[in-house]
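Undergrad: Provided herewith is a single structure, encoded as C-alpha cells, for subsequent inquiry.
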Amino acid sequence: MTDVYVVGIDMIRFGRYPDRTVAQLAADAALLALDDCGVGIHDVQALYSGNIGETMTGQRTLQLIGQTGIPVVNCTNACATGATAFREGWTAIKAGLFDTVLCIGVEKMAAGMIVKKKIGNEPLPAEGLIGSETMPAVFSMVGLEHSRKYGTTIEQFAKVSVKNHHHSTFNPKSMYQKETPLEEVLSSEMIAYPNTKLMCSVNVDGAAATVLMSEKRARERGLMGRAVRVRASALASDAWSERNQVMQDVNTVSRQAAKSAFEMAGLGPEDLNLIELHDCFATAEILHYENLGICGDGEGGRLIDSGETALGGRVPVNVSGGLLSKGHPLGATGIANIYEVATHLRGEAGKRQVQGARIGLTHVVGLGSACAVHILEKV
Amino acid sequence: MEMKSTEALKPATSYTHIDADGNPYLEGSRCGDCGAVFLGRRENCGRCGARGRMQAIHMGERGQLYNYTIVYRSYPGIKVPFISAIVDLDGGGAVKGNLLDVEPDPKCLRFGMPVRMVFRGAETASAEGVGHIAHFFIPDGERT
C-alpha cells in the first residue's frame, strides 16, 4: 500500500464570522489548502467533508469552488469529525481508489454553552434534574476523577490554561493571543468546579482543509519537498468501561486509539517532538498526557509543573494555543490540529516553531465517544 | 424511601419505576453471562455482546460518592449551583443524580462518602419537572 502525504494544508484564522456561511468558510479553507500545493479543484478526485451543524456541507462547498461531480462523503463524529474526514481520505488513498483527495473540517458555533440535542425517549430534559450533562460538567468530572486517584490540584489544571494561552500569543491564526496568568485563570468565573471560564475552550467559527496525495502522485507533481508523511491514522470508539453509561470516559478510548497509532507507526511516545491534543477543557490535557504515554499514570500533574510540555520543553503540547485559546470550532478542530503539526514539521511555524521537529502527533476526542490519533513525519 | 403514594406522579426518566405499593425505584439490567449492570432496560449486553441474557433488577439505594462536579453555569432556566454526582451503588451499577442536603462546596464533599437515594418531586430541580418524581441523593447520615 502507498504511503499517504499531506501536500497542501491550511486553516482560516479562528474567530467569529457572522457574515459568512458554513460553506463559505469551508470554501475559504479549501482554496487555501489547494493553493498551498498549487493543485486545482479539477485535480481533486474525492472530497471528505467534516461538519456537525449542517447537512450536505461538502456538496455546498463544491458549489462555491467547482462542481466537478466527484464523490463527496459528509462525516460527523462529534469533536473527532474533522479528523474522521481526514482519515476517510487517507483510507481511500491507502485503498488505491484515488491519488488526490481533499479533506475539509468546518464549523460555525453559537456563542455560549453547547446545548446537547435531545436523543432517545426520555420524558424530561435531564440537565439540572439528573445531574449535569454540560460539556464543562463532563470534563470537570473527568478532572476530579484524576484528583481522586492521584491528588491532582486545581492549580495544576489551571497551569494548562496558562501555558496554552501563552503559546497562542505566537499564533496569528488563534482566536485569542493573550497571556492569562495563573491568578487570572483561577479567579475567573467558576463554570463547573474545578474548570473556570478561562479553563474552557472557546466556541468560535473556523475551517481547515488539506490535500492528501499518494506517493506516486506527490512525486509526479514535484510536491515531496514540503510534504508530510502520515505515519499512522487510528480511530477508536468507546469500549465498555465501568461507569461509562453515566460518566463519560475519555481515557479508555484515547488509550485504544493511541495504542493503534503507535503500533501502525512503529513508534512510541518517546519519539514525539510535539503534540496537539484535545484540550477542550484544561482538566482534559493532564489526563491525555498519560493517555498518550508521554508520562506514567498519575504523573500528569507533575508533568505540567515541570514545564516539559511548554514550548522549549521536552515535548511541547498545544503550541498552537490549543482549543483553550486558538478556539474549538468542533468539525474543524481535527484538521486544524494536523495543520499545526504539519507546519512545524515543515519548519514554517515562525516564532512558535518547535526546533528540529521530525515527528508529531494529533489527538481529538468526540464525546459519545470517538478518538482519532494521527502521527505525522517530516519527509 | 421518603415518598409514598406516588401514583399520581409520573416517572422523570425511562428507568424510574413505581411498584404496586407506590414505592419508586430505579430499574436496571444485569447480564446473565458477564454480570455487567446497566441502568434501565436492555435487551442485549453492551459489555460482552450476549443476546437476550439481560435480567431486570431493582437498583440499590445506598452507595458511595464516586465523583462529582459543582455546576455553576448550566442551560438557561436551570437553578445553580448544584452538585452533579456519580454514585457507585451497593449491589452494582453507577447512577448520576443531584446530591442534595449538603452545601455545594468541595470542602463539604468527600470522595467515597456514603450517600443514599431518595425520590422527590422533580420540580425541586427543574421547572419542567412538575408532576414528575425523580431520584436524588443525600448524605447517608447513619453511615458517616
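Residues are named by chain letter and number: chains run A, B, ... in the order of the C-alpha cells, numbers start at 1 in each chain, and ligands are numbered from 1 in the order shown.
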Step one, run DSSP on the backbone; step two, keep only residues of region 49-214 of chain A assigned to strand (DSSP E); then write them as a PyMOL selection string.

TA: chain A and resi 49-50+72-75+100-107+190-192+195-196+206-214

Undergrad: Next, the residues of the selection above should be written as a short mmCIF file (atom, residue, chain, number, x, y, z; two decimals), in the first residue's frame with N, CA and C atoms.

TA:
data_model
loop_
_atom_site.label_atom_id
_atom_site.label_comp_id
_atom_site.auth_asym_id
_atom_site.auth_seq_id
_atom_site.Cartn_x
_atom_site.Cartn_y
_atom_site.Cartn_z
N SER A 49 -15.80 15.71 3.84
CA SER A 49 -16.17 16.95 4.50
C SER A 49 -16.65 16.67 5.92
N GLY A 50 -16.04 17.33 6.87
CA GLY A 50 -16.43 17.16 8.28
C GLY A 50 -17.14 18.38 8.81
N VAL A 72 -18.54 12.77 -2.81
CA VAL A 72 -18.42 13.56 -1.59
C VAL A 72 -18.96 12.73 -0.43
N VAL A 73 -18.19 12.65 0.64
CA VAL A 73 -18.65 11.96 1.85
C VAL A 73 -18.72 13.00 2.96
N ASN A 74 -19.90 13.15 3.56
CA ASN A 74 -20.06 14.06 4.69
C ASN A 74 -19.94 13.27 5.98
N CYS A 75 -19.03 13.70 6.86
CA CYS A 75 -18.75 12.95 8.09
C CYS A 75 -19.21 13.73 9.30
N THR A 100 -5.47 11.76 -5.28
CA THR A 100 -5.56 13.12 -4.76
C THR A 100 -6.94 13.33 -4.15
N VAL A 101 -7.01 13.64 -2.88
CA VAL A 101 -8.30 13.92 -2.25
C VAL A 101 -8.20 15.19 -1.42
N LEU A 102 -9.36 15.80 -1.19
CA LEU A 102 -9.45 17.00 -0.37
C LEU A 102 -10.25 16.64 0.88
N CYS A 103 -9.75 17.09 2.04
CA CYS A 103 -10.48 16.86 3.30
C CYS A 103 -10.69 18.23 3.96
N ILE A 104 -11.91 18.47 4.39
CA ILE A 104 -12.24 19.77 4.99
C ILE A 104 -12.93 19.55 6.33
N GLY A 105 -12.61 20.39 7.29
CA GLY A 105 -13.36 20.43 8.55
C GLY A 105 -13.85 21.85 8.75
N VAL A 106 -15.10 22.02 9.13
CA VAL A 106 -15.66 23.38 9.26
C VAL A 106 -16.76 23.41 10.32
N GLU A 107 -16.88 24.53 11.01
CA GLU A 107 -17.99 24.69 11.96
C GLU A 107 -18.25 26.17 12.22
N MET A 190 -16.25 30.66 37.90
CA MET A 190 -16.31 29.20 38.00
C MET A 190 -17.50 28.71 37.16
N ILE A 191 -17.20 27.80 36.23
CA ILE A 191 -18.28 27.27 35.37
C ILE A 191 -18.77 25.94 35.92
N ALA A 192 -17.85 25.02 36.12
CA ALA A 192 -18.16 23.74 36.79
C ALA A 192 -16.88 23.36 37.51
N ASN A 195 -13.26 23.66 36.70
CA ASN A 195 -12.95 24.43 35.49
C ASN A 195 -13.56 25.84 35.55
N THR A 196 -12.70 26.85 35.54
CA THR A 196 -13.17 28.23 35.46
C THR A 196 -13.35 28.58 33.98
N GLY A 206 -14.69 28.37 12.43
CA GLY A 206 -13.39 28.06 11.84
C GLY A 206 -13.49 27.01 10.76
N ALA A 207 -12.44 26.92 9.97
CA ALA A 207 -12.36 25.90 8.93
C ALA A 207 -10.89 25.60 8.66
N ALA A 208 -10.63 24.36 8.32
CA ALA A 208 -9.28 23.92 7.96
C ALA A 208 -9.43 22.88 6.86
N ALA A 209 -8.43 22.80 5.99
CA ALA A 209 -8.54 21.85 4.88
C ALA A 209 -7.17 21.34 4.50
N THR A 210 -7.16 20.17 3.87
CA THR A 210 -5.89 19.58 3.45
C THR A 210 -6.06 18.81 2.15
N VAL A 211 -5.00 18.80 1.35
CA VAL A 211 -4.93 17.98 0.14
C VAL A 211 -4.01 16.81 0.45
N LEU A 212 -4.54 15.59 0.30
CA LEU A 212 -3.74 14.38 0.51
C LEU A 212 -3.42 13.75 -0.83
N MET A 213 -2.21 13.19 -0.94
CA MET A 213 -1.82 12.52 -2.18
C MET A 213 -1.12 11.19 -1.89
N SER A 214 -1.23 10.29 -2.86
CA SER A 214 -0.43 9.08 -2.85
C SER A 214 1.02 9.48 -3.12
#

Undergrad: As a PyMOL selection string, please: the residues near Asp140 (chain B) (cut-off 9 Å, only C-alpha atoms, same-chain neighbours under 6 positions excluded).

TA: chain B and resi 62-63+113-117

Undergrad: With C-alpha atoms kept, could you save the residues just selected as a PDB file, in the first residue's frame?

TA:
ATOM      1  CA  ARG B  62     -27.296   3.046  49.101  1.00  0.00           C
ATOM      2  CA  GLY B  63     -23.868   3.700  47.801  1.00  0.00           C
ATOM      3  CA  MET B 113     -18.760   9.409  51.310  1.00  0.00           C
ATOM      4  CA  PRO B 114     -21.855   7.277  51.933  1.00  0.00           C
ATOM      5  CA  VAL B 115     -24.996   8.523  50.244  1.00  0.00           C
ATOM      6  CA  ARG B 116     -28.488   7.194  49.691  1.00  0.00           C
ATOM      7  CA  MET B 117     -31.128   7.629  47.048  1.00  0.00           C
TER       8      MET B 117
END

Undergrad: Name the residues of chain B that fall into helix (DSSP H, G or I) according to DSSP on the backbone, using the chain letters and numbers of this document, as a PyMOL selection string.

TA: chain B and resi 106-108+122-124+127-129+141-143

Undergrad: Put those residues in a file: N, CA and C atoms, as a PDB file, in the first residue's frame.

TA:
ATOM      1  N   PRO B 106     -16.690  22.103  47.707  1.00  0.00           N
ATOM      2  CA  PRO B 106     -15.786  20.941  47.761  1.00  0.00           C
ATOM      3  C   PRO B 106     -15.387  20.573  49.189  1.00  0.00           C
ATOM      4  N   LYS B 107     -15.355  21.553  50.075  1.00  0.00           N
ATOM      5  CA  LYS B 107     -14.951  21.271  51.465  1.00  0.00           C
ATOM      6  C   LYS B 107     -15.965  20.382  52.179  1.00  0.00           C
ATOM      7  N   CYS B 108     -17.199  20.380  51.696  1.00  0.00           N
ATOM      8  CA  CYS B 108     -18.250  19.597  52.347  1.00  0.00           C
ATOM      9  C   CYS B 108     -18.435  18.222  51.701  1.00  0.00           C
ATOM     10  N   ALA B 122     -39.829  16.290  40.970  1.00  0.00           N
ATOM     11  CA  ALA B 122     -38.804  16.762  40.047  1.00  0.00           C
ATOM     12  C   ALA B 122     -38.784  18.281  39.952  1.00  0.00           C
ATOM     13  N   GLU B 123     -39.879  18.935  40.353  1.00  0.00           N
ATOM     14  CA  GLU B 123     -39.925  20.396  40.239  1.00  0.00           C
ATOM     15  C   GLU B 123     -38.932  21.070  41.194  1.00  0.00           C
ATOM     16  N   THR B 124     -38.436  20.320  42.201  1.00  0.00           N
ATOM     17  CA  THR B 124     -37.431  20.909  43.093  1.00  0.00           C
ATOM     18  C   THR B 124     -36.155  21.242  42.316  1.00  0.00           C
ATOM     19  N   ALA B 127     -38.024  23.318  36.535  1.00  0.00           N
ATOM     20  CA  ALA B 127     -39.380  23.852  36.407  1.00  0.00           C
ATOM     21  C   ALA B 127     -40.251  22.945  35.540  1.00  0.00           C
ATOM     22  N   GLU B 128     -39.614  22.250  34.589  1.00  0.00           N
ATOM     23  CA  GLU B 128     -40.375  21.354  33.704  1.00  0.00           C
ATOM     24  C   GLU B 128     -40.788  20.061  34.403  1.00  0.00           C
ATOM     25  N   GLY B 129     -40.274  19.893  35.646  1.00  0.00           N
ATOM     26  CA  GLY B 129     -40.490  18.624  36.328  1.00  0.00           C
ATOM     27  C   GLY B 129     -41.817  18.496  37.065  1.00  0.00           C
ATOM     28  N   GLY B 141     -26.472   9.839  56.594  1.00  0.00           N
ATOM     29  CA  GLY B 141     -26.019  10.185  57.932  1.00  0.00           C
ATOM     30  C   GLY B 141     -25.740   8.988  58.815  1.00  0.00           C
ATOM     31  N   GLU B 142     -26.545   7.931  58.653  1.00  0.00           N
ATOM     32  CA  GLU B 142     -26.399   6.765  59.534  1.00  0.00           C
ATOM     33  C   GLU B 142     -25.047   6.073  59.344  1.00  0.00           C
ATOM     34  N   ARG B 143     -24.398   6.321  58.227  1.00  0.00           N
ATOM     35  CA  ARG B 143     -23.186   5.546  57.957  1.00  0.00           C
ATOM     36  C   ARG B 143     -21.922   6.403  57.954  1.00  0.00           C
TER      37      ARG B 143
END

Undergrad: Quick one: which chain B residues come within 9 Å of chain A, and what is the nearest atom pair for each with the distance in Å to one decimal, counting only C-alpha atoms, rows ordered by chain and ascending number, as CSV?

TA:
residue,atom,partner,partner_atom,distance
B:Pro11,CA,A:Pro123,CA,8.0
B:Ala12,CA,A:Leu124,CA,6.2
B:Thr13,CA,A:Glu122,CA,5.6
B:Ser14,CA,A:Glu122,CA,5.6
B:Tyr15,CA,A:Glu122,CA,9.0
B:Ala36,CA,A:Glu242,CA,8.4
B:Val37,CA,A:Glu242,CA,8.9
B:Phe38,CA,A:Gln245,CA,7.5
B:Leu39,CA,A:Gln245,CA,7.7
B:Gly46,CA,A:Trp240,CA,6.9
B:Arg47,CA,A:Trp240,CA,5.4
B:Cys48,CA,A:Trp240,CA,8.7
B:Tyr66,CA,A:Glu145,CA,8.2
B:Asn67,CA,A:Glu145,CA,6.3
B:Tyr68,CA,A:Met141,CA,5.8
B:Thr69,CA,A:Tyr193,CA,5.5
B:Ile70,CA,A:Tyr193,CA,5.1
B:Val71,CA,A:Ala192,CA,4.4
B:Tyr72,CA,A:Ile191,CA,5.1
B:Arg73,CA,A:Ile191,CA,5.1
B:Ser74,CA,A:Thr134,CA,6.7
B:Tyr75,CA,A:Val115,CA,6.9
B:Ile78,CA,A:Gly128,CA,5.9
B:Lys79,CA,A:Gly128,CA,7.3
B:Val80,CA,A:Gly128,CA,8.3
B:Pro81,CA,A:Ala192,CA,8.9
B:Phe82,CA,A:Gly128,CA,7.7
B:Ile83,CA,A:Gly131,CA,7.0
B:Ser84,CA,A:Gly131,CA,4.1
B:Ala85,CA,A:Gly131,CA,6.4
B:Ile86,CA,A:Met247,CA,7.2
B:Asp88,CA,A:Arg243,CA,8.6
B:Gly93,CA,A:Arg243,CA,7.6
B:Ala94,CA,A:Arg243,CA,6.0
B:Val95,CA,A:Val246,CA,6.2
B:Lys96,CA,A:Val246,CA,5.8
B:Gly97,CA,A:Gly131,CA,4.4
B:Asn98,CA,A:Gly131,CA,4.7
B:Leu99,CA,A:Gly131,CA,8.1
B:Pro106,CA,A:Tyr193,CA,8.4
B:Phe111,CA,A:Arg148,CA,6.9
B:Ala122,CA,A:Leu129,CA,6.9
B:Glu123,CA,A:Leu129,CA,8.6
B:Thr124,CA,A:Leu129,CA,8.5
B:Ala125,CA,A:Leu129,CA,5.3
B:Ser126,CA,A:Leu129,CA,5.9
B:Glu128,CA,A:Leu124,CA,7.3
B:Gly129,CA,A:Leu124,CA,7.1
B:His132,CA,A:Leu124,CA,9.0
B:Ala134,CA,A:Leu129,CA,7.8
B:His135,CA,A:Ile130,CA,7.7
B:Phe136,CA,A:Ile130,CA,7.7

Undergrad: Between CA of Gly82 (chain A) and CA of Gly331 (chain A), what is the spacing in Å?

TA: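 Between CA of Gly331 (chain A) and CA of Gly82 (chain A) the gap is 4.9 Å.
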
Undergrad: Residues within 12 Å of Arg221 (chain A), please, as a count of residues only. Count only C-alpha atoms; anything in the same chain fewer than 4 positions from it doesn't count.

TA: 15

Undergrad: What separation in Å, quoted to one decimal, exists between CA of His42 (chain A) and CA of Thr55 (chain A)?

TA: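 Between CA of His42 (chain A) and CA of Thr55 (chain A) the gap is 23.6 Å.
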
Undergrad: Rank B:Asp19, B:Gly60, B:Ile133, B:Asp90 by their smallest atom-to-atom distance to Gly121 (chain B), using only C-alpha atoms, and report the top residue only.

TA: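 Under the stated criterion, the closest residue is B:Ile133.
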
Undergrad: Nearest to Asp3 (chain A) among A:Thr21, A:Ser187, A:Gln63, A:Ser233, with distances taken over only C-alpha atoms: which residue is it?

TA: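 Using only C-alpha atoms, Asp3 (chain A) sits closest to A:Ser233.
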
Undergrad: Write out as an mmCIF file with N, CA and C atoms, in the first residue's frame which residues come within 10 Å of Glu155 (chain A) when counting only C-alpha atoms, dropping same-chain ones fewer than 3 positions away.

TA:
data_model
loop_
_atom_site.group_PDB
_atom_site.id
_atom_site.type_symbol
_atom_site.label_atom_id
_atom_site.label_comp_id
_atom_site.auth_asym_id
_atom_site.auth_seq_id
_atom_site.Cartn_x
_atom_site.Cartn_y
_atom_site.Cartn_z
ATOM 1 N N THR A 152 -4.272 15.343 42.000
ATOM 2 C CA THR A 152 -4.024 16.466 41.099
ATOM 3 C C THR A 152 -4.779 17.700 41.598
ATOM 4 N N ALA A 158 -5.129 24.429 36.151
ATOM 5 C CA ALA A 158 -5.138 25.820 35.672
ATOM 6 C C ALA A 158 -3.855 26.159 34.905
ATOM 7 N N LYS A 159 -2.745 25.538 35.281
ATOM 8 C CA LYS A 159 -1.480 25.812 34.593
ATOM 9 C C LYS A 159 -1.531 25.427 33.110
ATOM 10 N N VAL A 160 -2.374 24.447 32.783
ATOM 11 C CA VAL A 160 -2.549 24.066 31.375
ATOM 12 C C VAL A 160 -3.066 25.275 30.599
ATOM 13 N N LEU A 182 -1.703 32.744 36.122
ATOM 14 C CA LEU A 182 -2.374 31.738 36.951
ATOM 15 C C LEU A 182 -3.480 32.338 37.829
ATOM 16 N N GLU A 183 -3.199 33.491 38.439
ATOM 17 C CA GLU A 183 -4.195 34.093 39.338
ATOM 18 C C GLU A 183 -5.450 34.468 38.555
ATOM 19 N N VAL A 185 -6.543 33.008 35.770
ATOM 20 C CA VAL A 185 -7.254 31.779 35.407
ATOM 21 C C VAL A 185 -8.060 31.282 36.600
ATOM 22 N N LEU A 186 -7.431 31.266 37.778
ATOM 23 C CA LEU A 186 -8.094 30.726 38.966
ATOM 24 C C LEU A 186 -9.250 31.604 39.426
ATOM 25 N N PRO A 194 -13.717 21.815 38.817
ATOM 26 C CA PRO A 194 -12.769 22.912 39.010
ATOM 27 C C PRO A 194 -12.477 23.762 37.760
ATOM 28 N N GLY A 301 0.101 15.684 36.554
ATOM 29 C CA GLY A 301 0.198 16.940 37.311
ATOM 30 C C GLY A 301 1.649 17.393 37.430
ATOM 31 N N ASP A 305 3.716 20.821 35.885
ATOM 32 C CA ASP A 305 4.570 21.610 36.795
ATOM 33 C C ASP A 305 5.995 21.737 36.245
#

Undergrad: Please, what distance in Å, to one decimal, runs between CA of Val341 (chain A) and CA of Gln156 (chain A)?

TA: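 We find that CA of Val341 (chain A) and CA of Gln156 (chain A) lie 25.1 Å from each other.
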